[in-house]
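As provided, target17.pdb (PDB, C-alpha atoms and all ligand atoms) reads as follows.
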```pdb
ATOM      1  CA  MET A   1     106.298 100.402 114.479  1.00  0.00           C
ATOM      2  CA  LYS A   2     104.167 103.498 113.881  1.00  0.00           C
ATOM      3  CA  SER A   3     106.644 106.343 113.785  1.00  0.00           C
ATOM      4  CA  LYS A   4     108.203 108.786 111.380  1.00  0.00           C
ATOM      5  CA  LYS A   5     106.955 108.876 107.787  1.00  0.00           C
ATOM      6  CA  LEU A   6     109.529 107.545 105.333  1.00  0.00           C
ATOM      7  CA  ILE A   7     110.420 108.363 101.740  1.00  0.00           C
ATOM      8  CA  ALA A   8     111.711 105.440  99.691  1.00  0.00           C
ATOM      9  CA  PRO A   9     113.048 106.378  96.253  1.00  0.00           C
ATOM     10  CA  SER A  10     112.589 103.564  93.736  1.00  0.00           C
ATOM     11  CA  LEU A  11     115.801 102.867  91.845  1.00  0.00           C
ATOM     12  CA  LEU A  12     113.745 101.646  88.890  1.00  0.00           C
ATOM     13  CA  SER A  13     113.851 105.208  87.536  1.00  0.00           C
ATOM     14  CA  ALA A  14     117.551 105.766  88.292  1.00  0.00           C
ATOM     15  CA  ASP A  15     120.280 105.895  85.657  1.00  0.00           C
ATOM     16  CA  PHE A  16     121.582 102.306  85.692  1.00  0.00           C
ATOM     17  CA  LEU A  17     124.748 103.259  83.859  1.00  0.00           C
ATOM     18  CA  HIS A  18     125.663 105.317  86.911  1.00  0.00           C
ATOM     19  CA  LEU A  19     123.906 103.389  89.624  1.00  0.00           C
ATOM     20  CA  GLU A  20     126.489 103.909  92.355  1.00  0.00           C
ATOM     21  CA  ARG A  21     126.396 107.665  91.848  1.00  0.00           C
ATOM     22  CA  GLU A  22     122.599 107.660  91.794  1.00  0.00           C
ATOM     23  CA  ILE A  23     122.458 105.699  95.068  1.00  0.00           C
ATOM     24  CA  ASN A  24     124.940 108.020  96.766  1.00  0.00           C
ATOM     25  CA  ASP A  25     123.119 111.102  95.488  1.00  0.00           C
ATOM     26  CA  VAL A  26     119.683 109.980  96.592  1.00  0.00           C
ATOM     27  CA  GLN A  27     120.987 108.891  99.994  1.00  0.00           C
ATOM     28  CA  GLU A  28     122.648 112.255 100.479  1.00  0.00           C
ATOM     29  CA  ALA A  29     119.423 113.915  99.373  1.00  0.00           C
ATOM     30  CA  GLY A  30     117.641 112.347 102.346  1.00  0.00           C
ATOM     31  CA  ALA A  31     116.223 108.990 101.208  1.00  0.00           C
ATOM     32  CA  ASP A  32     115.039 107.022 104.249  1.00  0.00           C
ATOM     33  CA  MET A  33     115.320 103.700 102.452  1.00  0.00           C
ATOM     34  CA  LEU A  34     116.037 102.405  98.942  1.00  0.00           C
ATOM     35  CA  HIS A  35     113.140 100.699  97.170  1.00  0.00           C
ATOM     36  CA  LEU A  36     114.319  97.888  94.886  1.00  0.00           C
ATOM     37  CA  ASP A  37     111.892  96.461  92.319  1.00  0.00           C
ATOM     38  CA  VAL A  38     112.590  92.853  91.418  1.00  0.00           C
ATOM     39  CA  MET A  39     110.591  91.729  88.353  1.00  0.00           C
ATOM     40  CA  ASP A  40     110.615  88.318  86.691  1.00  0.00           C
ATOM     41  CA  GLY A  41     108.826  88.829  83.364  1.00  0.00           C
ATOM     42  CA  HIS A  42     106.041  86.456  84.515  1.00  0.00           C
ATOM     43  CA  PHE A  43     104.235  88.041  87.435  1.00  0.00           C
ATOM     44  CA  VAL A  44     104.706  91.380  85.686  1.00  0.00           C
ATOM     45  CA  PRO A  45     105.437  92.096  82.008  1.00  0.00           C
ATOM     46  CA  ASN A  46     108.931  93.402  82.666  1.00  0.00           C
ATOM     47  CA  MET A  47     112.243  92.177  84.063  1.00  0.00           C
ATOM     48  CA  THR A  48     114.739  94.020  86.194  1.00  0.00           C
ATOM     49  CA  PHE A  49     117.419  92.466  88.385  1.00  0.00           C
ATOM     50  CA  GLY A  50     117.895  89.732  90.945  1.00  0.00           C
ATOM     51  CA  SER A  51     119.635  89.034  94.239  1.00  0.00           C
ATOM     52  CA  PHE A  52     123.107  89.447  92.733  1.00  0.00           C
ATOM     53  CA  ILE A  53     122.463  93.146  92.121  1.00  0.00           C
ATOM     54  CA  VAL A  54     120.655  93.569  95.442  1.00  0.00           C
ATOM     55  CA  ARG A  55     123.791  92.274  97.188  1.00  0.00           C
ATOM     56  CA  GLN A  56     125.974  94.807  95.381  1.00  0.00           C
ATOM     57  CA  ILE A  57     123.601  97.648  96.216  1.00  0.00           C
ATOM     58  CA  LYS A  58     123.678  96.529  99.854  1.00  0.00           C
ATOM     59  CA  SER A  59     127.441  96.951  99.899  1.00  0.00           C
ATOM     60  CA  ILE A  60     127.128 100.723  99.364  1.00  0.00           C
ATOM     61  CA  ALA A  61     123.744 101.372 101.015  1.00  0.00           C
ATOM     62  CA  THR A  62     123.669 103.522 104.137  1.00  0.00           C
ATOM     63  CA  VAL A  63     119.888 103.189 104.540  1.00  0.00           C
ATOM     64  CA  PRO A  64     117.706 100.045 104.729  1.00  0.00           C
ATOM     65  CA  LEU A  65     116.844  98.126 101.564  1.00  0.00           C
ATOM     66  CA  ASP A  66     113.126  97.811 100.841  1.00  0.00           C
ATOM     67  CA  VAL A  67     112.935  94.890  98.401  1.00  0.00           C
ATOM     68  CA  HIS A  68     109.678  94.529  96.461  1.00  0.00           C
ATOM     69  CA  LEU A  69     109.430  91.117  94.809  1.00  0.00           C
ATOM     70  CA  MET A  70     107.161  91.185  91.760  1.00  0.00           C
ATOM     71  CA  ILE A  71     107.826  87.558  90.956  1.00  0.00           C
ATOM     72  CA  GLU A  72     105.892  84.312  90.819  1.00  0.00           C
ATOM     73  CA  ASN A  73     106.618  81.710  93.476  1.00  0.00           C
ATOM     74  CA  PRO A  74     108.427  84.147  95.770  1.00  0.00           C
ATOM     75  CA  GLN A  75     108.644  81.410  98.408  1.00  0.00           C
ATOM     76  CA  HIS A  76     111.547  79.849  96.477  1.00  0.00           C
ATOM     77  CA  TRP A  77     113.565  83.073  96.622  1.00  0.00           C
ATOM     78  CA  ILE A  78     113.169  84.316 100.167  1.00  0.00           C
ATOM     79  CA  SER A  79     116.504  83.066 101.482  1.00  0.00           C
ATOM     80  CA  ALA A  80     118.354  84.449  98.433  1.00  0.00           C
ATOM     81  CA  TYR A  81     117.059  87.987  99.038  1.00  0.00           C
ATOM     82  CA  ILE A  82     117.532  87.767 102.797  1.00  0.00           C
ATOM     83  CA  ASP A  83     121.076  86.680 102.165  1.00  0.00           C
ATOM     84  CA  ALA A  84     121.598  89.525  99.690  1.00  0.00           C
ATOM     85  CA  GLY A  85     120.695  92.016 102.416  1.00  0.00           C
ATOM     86  CA  ALA A  86     116.989  92.865 102.194  1.00  0.00           C
ATOM     87  CA  ASP A  87     115.885  94.655 105.362  1.00  0.00           C
ATOM     88  CA  PHE A  88     112.245  94.739 104.285  1.00  0.00           C
ATOM     89  CA  LEU A  89     111.151  91.894 102.003  1.00  0.00           C
ATOM     90  CA  THR A  90     107.724  92.232 100.398  1.00  0.00           C
ATOM     91  CA  ILE A  91     105.924  89.561  98.404  1.00  0.00           C
ATOM     92  CA  HIS A  92     102.661  89.786  96.495  1.00  0.00           C
ATOM     93  CA  TYR A  93      99.416  88.333  97.836  1.00  0.00           C
ATOM     94  CA  GLU A  94      98.537  87.326  94.258  1.00  0.00           C
ATOM     95  CA  ALA A  95     101.799  85.405  93.747  1.00  0.00           C
ATOM     96  CA  ASP A  96     101.833  83.115  96.765  1.00  0.00           C
ATOM     97  CA  CYS A  97      99.030  80.833  97.927  1.00  0.00           C
ATOM     98  CA  HIS A  98     100.957  79.949 101.101  1.00  0.00           C
ATOM     99  CA  LEU A  99     101.426  83.484 102.280  1.00  0.00           C
ATOM    100  CA  ASN A 100     101.389  82.667 105.973  1.00  0.00           C
ATOM    101  CA  ARG A 101     104.296  80.257 105.541  1.00  0.00           C
ATOM    102  CA  SER A 102     106.359  82.739 103.506  1.00  0.00           C
ATOM    103  CA  ILE A 103     105.746  85.658 105.872  1.00  0.00           C
ATOM    104  CA  THR A 104     106.696  83.439 108.819  1.00  0.00           C
ATOM    105  CA  GLU A 105     109.884  82.435 107.030  1.00  0.00           C
ATOM    106  CA  ILE A 106     110.954  86.041 106.370  1.00  0.00           C
ATOM    107  CA  LYS A 107     110.360  86.927 110.006  1.00  0.00           C
ATOM    108  CA  LYS A 108     112.344  83.896 111.178  1.00  0.00           C
ATOM    109  CA  PHE A 109     115.355  85.476 109.515  1.00  0.00           C
ATOM    110  CA  GLY A 110     114.780  88.567 111.652  1.00  0.00           C
ATOM    111  CA  ARG A 111     113.795  90.808 108.723  1.00  0.00           C
ATOM    112  CA  LYS A 112     110.657  92.841 108.174  1.00  0.00           C
ATOM    113  CA  ALA A 113     108.016  90.980 106.185  1.00  0.00           C
ATOM    114  CA  GLY A 114     105.689  92.773 103.797  1.00  0.00           C
ATOM    115  CA  VAL A 115     102.716  91.807 101.681  1.00  0.00           C
ATOM    116  CA  SER A 116     101.650  93.709  98.583  1.00  0.00           C
ATOM    117  CA  ILE A 117      98.354  93.923  96.718  1.00  0.00           C
ATOM    118  CA  ASN A 118      97.693  94.828  93.094  1.00  0.00           C
ATOM    119  CA  PRO A 119      95.264  97.641  92.241  1.00  0.00           C
ATOM    120  CA  SER A 120      92.329  95.252  91.709  1.00  0.00           C
ATOM    121  CA  THR A 121      92.802  93.339  94.978  1.00  0.00           C
ATOM    122  CA  HIS A 122      90.682  94.329  97.989  1.00  0.00           C
ATOM    123  CA  PRO A 123      92.685  94.700 101.215  1.00  0.00           C
ATOM    124  CA  MET A 124      90.026  92.683 103.071  1.00  0.00           C
ATOM    125  CA  LEU A 125      91.616  89.590 101.489  1.00  0.00           C
ATOM    126  CA  LEU A 126      94.597  90.264 103.759  1.00  0.00           C
ATOM    127  CA  GLU A 127      92.518  90.034 106.907  1.00  0.00           C
ATOM    128  CA  TYR A 128      94.054  86.779 108.104  1.00  0.00           C
ATOM    129  CA  ILE A 129      97.642  87.851 107.457  1.00  0.00           C
ATOM    130  CA  LEU A 130      97.574  91.424 108.781  1.00  0.00           C
ATOM    131  CA  GLU A 131      98.418  90.446 112.340  1.00  0.00           C
ATOM    132  CA  TYR A 132     101.607  88.729 111.103  1.00  0.00           C
ATOM    133  CA  VAL A 133     103.058  91.284 108.693  1.00  0.00           C
ATOM    134  CA  ASP A 134     105.286  94.280 109.367  1.00  0.00           C
ATOM    135  CA  LEU A 135     104.193  96.134 106.250  1.00  0.00           C
ATOM    136  CA  VAL A 136     101.418  96.287 103.653  1.00  0.00           C
ATOM    137  CA  LEU A 137     102.356  97.709 100.263  1.00  0.00           C
ATOM    138  CA  VAL A 138      99.427  99.096  98.286  1.00  0.00           C
ATOM    139  CA  MET A 139     100.219  99.149  94.567  1.00  0.00           C
ATOM    140  CA  SER A 140      98.691 102.312  93.183  1.00  0.00           C
ATOM    141  CA  VAL A 141      99.616 101.468  89.583  1.00  0.00           C
ATOM    142  CA  ASN A 142      99.648  98.093  87.839  1.00  0.00           C
ATOM    143  CA  PRO A 143     103.087  96.794  88.742  1.00  0.00           C
ATOM    144  CA  GLY A 144     105.779  96.495  86.112  1.00  0.00           C
ATOM    145  CA  PHE A 145     106.798 100.005  85.123  1.00  0.00           C
ATOM    146  CA  GLY A 146     107.733 103.370  86.531  1.00  0.00           C
ATOM    147  CA  GLY A 147     106.146 106.620  85.458  1.00  0.00           C
ATOM    148  CA  GLN A 148     102.501 105.507  85.395  1.00  0.00           C
ATOM    149  CA  ARG A 149      99.481 107.468  86.571  1.00  0.00           C
ATOM    150  CA  PHE A 150      98.274 107.060  90.150  1.00  0.00           C
ATOM    151  CA  ILE A 151      95.065 104.987  90.397  1.00  0.00           C
ATOM    152  CA  GLU A 152      92.751 107.112  92.524  1.00  0.00           C
ATOM    153  CA  ASN A 153      90.771 104.400  94.287  1.00  0.00           C
ATOM    154  CA  SER A 154      93.987 103.228  95.961  1.00  0.00           C
ATOM    155  CA  VAL A 155      93.272 105.934  98.546  1.00  0.00           C
ATOM    156  CA  LYS A 156      90.166 104.028  99.701  1.00  0.00           C
ATOM    157  CA  LYS A 157      92.304 100.946 100.259  1.00  0.00           C
ATOM    158  CA  ILE A 158      94.791 102.921 102.324  1.00  0.00           C
ATOM    159  CA  VAL A 159      91.977 104.302 104.475  1.00  0.00           C
ATOM    160  CA  TRP A 160      90.556 100.770 104.869  1.00  0.00           C
ATOM    161  CA  LEU A 161      93.946  99.498 106.080  1.00  0.00           C
ATOM    162  CA  PHE A 162      94.491 102.471 108.366  1.00  0.00           C
ATOM    163  CA  GLU A 163      91.099 102.032 110.012  1.00  0.00           C
ATOM    164  CA  TYR A 164      91.534  98.265 110.296  1.00  0.00           C
ATOM    165  CA  ARG A 165      94.902  98.783 111.967  1.00  0.00           C
ATOM    166  CA  GLU A 166      93.402 101.236 114.467  1.00  0.00           C
ATOM    167  CA  ARG A 167      90.386  99.052 115.210  1.00  0.00           C
ATOM    168  CA  HIS A 168      92.468  95.960 115.849  1.00  0.00           C
ATOM    169  CA  GLY A 169      95.431  97.572 117.566  1.00  0.00           C
ATOM    170  CA  LEU A 170      97.890  96.291 114.949  1.00  0.00           C
ATOM    171  CA  ASP A 171     101.181  97.896 114.021  1.00  0.00           C
ATOM    172  CA  PHE A 172     101.964  97.105 110.370  1.00  0.00           C
ATOM    173  CA  LEU A 173     103.283  99.967 108.273  1.00  0.00           C
ATOM    174  CA  ILE A 174     101.294 101.142 105.242  1.00  0.00           C
ATOM    175  CA  GLU A 175     103.317 101.749 102.087  1.00  0.00           C
ATOM    176  CA  VAL A 176     102.131 103.150  98.757  1.00  0.00           C
ATOM    177  CA  ASP A 177     103.902 102.522  95.458  1.00  0.00           C
ATOM    178  CA  GLY A 178     103.135 103.952  92.028  1.00  0.00           C
ATOM    179  CA  GLY A 179     102.438 107.433  90.730  1.00  0.00           C
ATOM    180  CA  VAL A 180     103.403 109.116  94.002  1.00  0.00           C
ATOM    181  CA  ASN A 181     104.481 112.721  93.505  1.00  0.00           C
ATOM    182  CA  GLU A 182     104.652 116.128  95.166  1.00  0.00           C
ATOM    183  CA  ASN A 183     101.012 116.808  94.334  1.00  0.00           C
ATOM    184  CA  ASN A 184      99.392 113.734  95.883  1.00  0.00           C
ATOM    185  CA  ILE A 185     101.764 112.916  98.755  1.00  0.00           C
ATOM    186  CA  LYS A 186      99.897 115.091 101.263  1.00  0.00           C
ATOM    187  CA  LEU A 187      96.580 113.411 100.537  1.00  0.00           C
ATOM    188  CA  LEU A 188      98.233 109.999 100.843  1.00  0.00           C
ATOM    189  CA  SER A 189      99.811 110.966 104.123  1.00  0.00           C
ATOM    190  CA  GLU A 190      96.456 112.096 105.488  1.00  0.00           C
ATOM    191  CA  ALA A 191      94.903 108.823 104.348  1.00  0.00           C
ATOM    192  CA  GLY A 192      97.381 106.964 106.556  1.00  0.00           C
ATOM    193  CA  VAL A 193     100.485 106.111 104.532  1.00  0.00           C
ATOM    194  CA  ASP A 194     103.749 105.601 106.465  1.00  0.00           C
ATOM    195  CA  ILE A 195     106.158 104.846 103.578  1.00  0.00           C
ATOM    196  CA  PHE A 196     106.038 106.620 100.217  1.00  0.00           C
ATOM    197  CA  VAL A 197     107.747 104.974  97.256  1.00  0.00           C
ATOM    198  CA  ALA A 198     108.606 107.451  94.532  1.00  0.00           C
ATOM    199  CA  GLY A 199     110.539 106.666  91.371  1.00  0.00           C
ATOM    200  CA  SER A 200     110.052 108.956  88.409  1.00  0.00           C
ATOM    201  CA  SER A 201     108.904 111.931  90.489  1.00  0.00           C
ATOM    202  CA  ILE A 202     112.338 112.004  92.151  1.00  0.00           C
ATOM    203  CA  PHE A 203     114.731 110.722  89.480  1.00  0.00           C
ATOM    204  CA  SER A 204     113.248 112.850  86.692  1.00  0.00           C
ATOM    205  CA  LYS A 205     114.356 115.965  88.565  1.00  0.00           C
ATOM    206  CA  SER A 206     117.931 117.224  88.617  1.00  0.00           C
ATOM    207  CA  ASP A 207     117.890 118.186  92.313  1.00  0.00           C
ATOM    208  CA  TYR A 208     116.869 115.113  94.339  1.00  0.00           C
ATOM    209  CA  LYS A 209     117.248 116.917  97.657  1.00  0.00           C
ATOM    210  CA  ALA A 210     114.892 119.709  96.635  1.00  0.00           C
ATOM    211  CA  VAL A 211     112.124 117.305  95.650  1.00  0.00           C
ATOM    212  CA  ILE A 212     112.569 115.049  98.709  1.00  0.00           C
ATOM    213  CA  ASP A 213     112.541 118.131 100.957  1.00  0.00           C
ATOM    214  CA  ARG A 214     109.346 119.393  99.348  1.00  0.00           C
ATOM    215  CA  MET A 215     107.740 115.957  99.726  1.00  0.00           C
ATOM    216  CA  ARG A 216     108.738 115.785 103.383  1.00  0.00           C
ATOM    217  CA  GLU A 217     107.287 119.215 104.077  1.00  0.00           C
ATOM    218  CA  SER A 218     103.902 117.968 102.837  1.00  0.00           C
ATOM    219  CA  LEU A 219     103.781 114.992 105.239  1.00  0.00           C
TER     220      LEU A 219
HETATM  221  C1  LIG B 301     106.244  99.596  89.715  1.00  0.00           C
HETATM  222  C2  LIG B 301     107.201  99.602  90.872  1.00  0.00           C
HETATM  223  C3  LIG B 301     107.422 100.924  91.471  1.00  0.00           C
HETATM  224  C4  LIG B 301     107.904 101.976  90.505  1.00  0.00           C
HETATM  225  C5  LIG B 301     107.200 103.241  90.851  1.00  0.00           C
HETATM  226  O1  LIG B 301     105.880  98.309  89.405  1.00  0.00           O
HETATM  227  O2  LIG B 301     106.777  98.732  91.917  1.00  0.00           O
HETATM  228  O3  LIG B 301     108.246 100.868  92.625  1.00  0.00           O
HETATM  229  O4  LIG B 301     109.286 102.217  90.526  1.00  0.00           O
HETATM  230  O5  LIG B 301     107.528 104.207  89.929  1.00  0.00           O
HETATM  231  P1  LIG B 301     106.825 105.610  89.886  1.00  0.00           P
HETATM  232  O6  LIG B 301     107.059 106.264  91.222  1.00  0.00           O
HETATM  233  O7  LIG B 301     107.490 106.287  88.766  1.00  0.00           O
HETATM  234  O8  LIG B 301     105.342 105.367  89.641  1.00  0.00           O
HETATM  235 ZN    ZN B 302     107.893  98.824  93.874  1.00  0.00          ZN
END
```
Translate the structure described by the file into structure tokens.
Amino acid sequence: MKSKKLIAPSLLSADFLHLEREINDVQEAGADMLHLDVMDGHFVPNMTFGSFIVRQIKSIATVPLDVHLMIENPQHWISAYIDAGADFLTIHYEADCHLNRSITEIKKFGRKAGVSINPSTHPMLLEYILEYVDLVLVMSVNPGFGGQRFIENSVKKIVWLFEYRERHGLDFLIEVDGGVNENNIKLLSEAGVDIFVAGSSIFSKSDYKAVIDRMRESL
């Protein structure tokens, strides 16, 4: 699984009144995947959209969908998001006390299974799930909103995961989400990140291709 580094624009910062245009533009600009933030107003203090919208996005997507579930009891929703077209489906460690069962279920559907941790969660708590997951998503802001400041000690967690992966010969991808921009992407890449989620740092600019190109040059 360790291969090319990927840039995953988060549609949370896109213009939802023109979502189709935004998706086409960011795909043409070189997005490697589309990051979709599903929020339920319980696990995080915000709500976004559900599987109905994910399915519609899938119908025009030319790159894989990276679905990040920030919801309580994600185990009840796995089949709905698989069915809607999630290629990567990531659930939070903090939201599911039967993580092994849920990860196994996602993989049974033949999709990539991810686990995410909040800023205050130590990655060592994932030790007994790391051999089963395809991806670990390190939240580098408190989940719920775009445009927040990167939490610096997330870098230590990325290094911890990178070294653990090397030591144990595992192959999960390391993804970072929150406050990623042109200034810190190089440091994050050197720390071991494979997939970079970026919302406001891409969608706040008028030329998506220029910013994605600059980010890619730093990797
Ligand atoms: C936050 C979401 C992120 C968000 C990142 O809870 O998980 O994917 O869109 O936004 P930026 O890149 O603006 O920090
Ligand atoms: Zn996200």
Checklist entry - What do you get, as an MDAnalysis selection string, if you spell out every residue that the PyMOL selection byres (((chain A and resi 11) around 10) and not hetatm) selects here? => result chainID A and resid 8:10 12:16 19 22:23 26 34:37 146 197:200 202:203
Run the PyMOL selection byres (((chain A and resi 150) around 8) and not hetatm) mentally over the shown coordinates, then write out the matched residues as a PDB file with C-alpha atoms, keeping the file's coordinate frame, using the chain letters and numbers from the document.
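Final file, selection.pdb:
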```
ATOM      1  CA  SER A 140      98.691 102.312  93.183  1.00  0.00           C
ATOM      2  CA  VAL A 141      99.616 101.468  89.583  1.00  0.00           C
ATOM      3  CA  GLN A 148     102.501 105.507  85.395  1.00  0.00           C
ATOM      4  CA  ARG A 149      99.481 107.468  86.571  1.00  0.00           C
ATOM      5  CA  ILE A 151      95.065 104.987  90.397  1.00  0.00           C
ATOM      6  CA  GLU A 152      92.751 107.112  92.524  1.00  0.00           C
ATOM      7  CA  GLY A 178     103.135 103.952  92.028  1.00  0.00           C
ATOM      8  CA  GLY A 179     102.438 107.433  90.730  1.00  0.00           C
ATOM      9  CA  VAL A 180     103.403 109.116  94.002  1.00  0.00           C
TER      10      VAL A 180
END
```
Item to check | Residue members of the PyMOL selection byres (((chain A and resi 217) around 12) and not hetatm) in the file shown, as a list in words | outcome: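 What the PyMOL selection byres (((chain A and resi 217) around 12) and not hetatm) grabs from the file is Lys5, Leu6, Ile7, Glu182, Asn183, Ile185, Lys186, Ser189, Ala210, Val211, Ile212, Asp213, Arg214, Met215, Arg216, Ser218 and Leu219 of chain A.
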Checklist entry - When you draw a straight line from atom ZN of ligand ZN 302 (chain B) to CA of Val115 in chain A, how long is it in Å? => result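 These two atoms are separated by 11.7 Å.
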Checklist entry - CA of Asp87 in chain A to CA of Arg21 in chain A: how many Å, to one decimal? => result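 According to the coordinates, CA of Asp87 in chain A and CA of Arg21 in chain A are separated by 21.5 Å.
Counting only C-alpha atoms, Asp40 in chain A has the following residues at most 12 Å away, ignoring those fewer than 2 positions along the same chain: A:Asp37, A:Val38, A:His42, A:Phe43, A:Val44, A:Pro45, A:Asn46, A:Met47, A:Thr48, A:Phe49, A:Gly50, A:Ser51, A:His68, A:Leu69, A:Met70, A:Ile71, A:Glu72, A:Asn73, A:Pro74, A:Trp77, A:Ala95, A:Pro143, A:Gly144.
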Checklist entry - Which residue, A:Asp177, A:Glu166, A:Asp134, A:Asp25, has the smallest gap to ligand LIG 301 (chain B) when you use all atoms listed in the file? => result A:Asp177
Item to check | Contacts of range 81-84 of chain A at 7 Å (all atoms listed in the file; same-chain gap of 2+ positions) as an NGL selection string | outcome: :A and (51 or 54-55 or 77-79 or 86)
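For the choices A:Val67, A:Ile53, A:Ile103, A:Leu126, the atom-to-atom distance to ligand ZN 302 (chain B) is smallest for A:Val67 when using only C-alpha atoms and all ligand atoms.
Among the candidate residues A:Lys209, A:Ile106, A:Arg165, A:Leu89, the one lying nearest to ligand ZN 302 (chain B) is A:Leu89, with distances computed using only C-alpha atoms and all ligand atoms.
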Checklist entry - Which one of A:Glu20, A:Glu127, A:Glu105, A:Asp66 sits closest to ligand ZN 302 (chain B) if you count all atoms listed in the file? => result A:Asp66
Item to check | Best match for closeness to ligand ZN 302 (chain B) among A:Gly41, A:Ala61, A:Phe196, A:Tyr93, counting only C-alpha atoms and all ligand atoms | outcome: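 Among the listed residues, A:Phe196 lies closest to ligand ZN 302 (chain B).
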Next on the checklist: Given only C-alpha atoms and all ligand atoms as the basis, pick out the residue of A:Glu190, A:Asp96, A:Glu175, A:Asp32 nearest to ligand ZN 302 (chain B).
Outcome noted: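 For ligand ZN 302 (chain B), the nearest of the given residues is A:Glu175.
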Checklist entry - Could you pull the residues within 9 Å of range 121-123 of chain A, counting all atoms listed in the file, minus those fewer than 4 positions along the same chain, as a VMD selection string? => result chain A and resid 93 to 94 117 127 138 157 to 158 160 to 161
Item to check | Distance of CA of Asp207 in chain A from CA of Gly30 in chain A, expressed in Å to one decimal place | outcome: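 So the two atoms, CA of Gly30 in chain A and CA of Asp207 in chain A, lie 11.6 Å apart.
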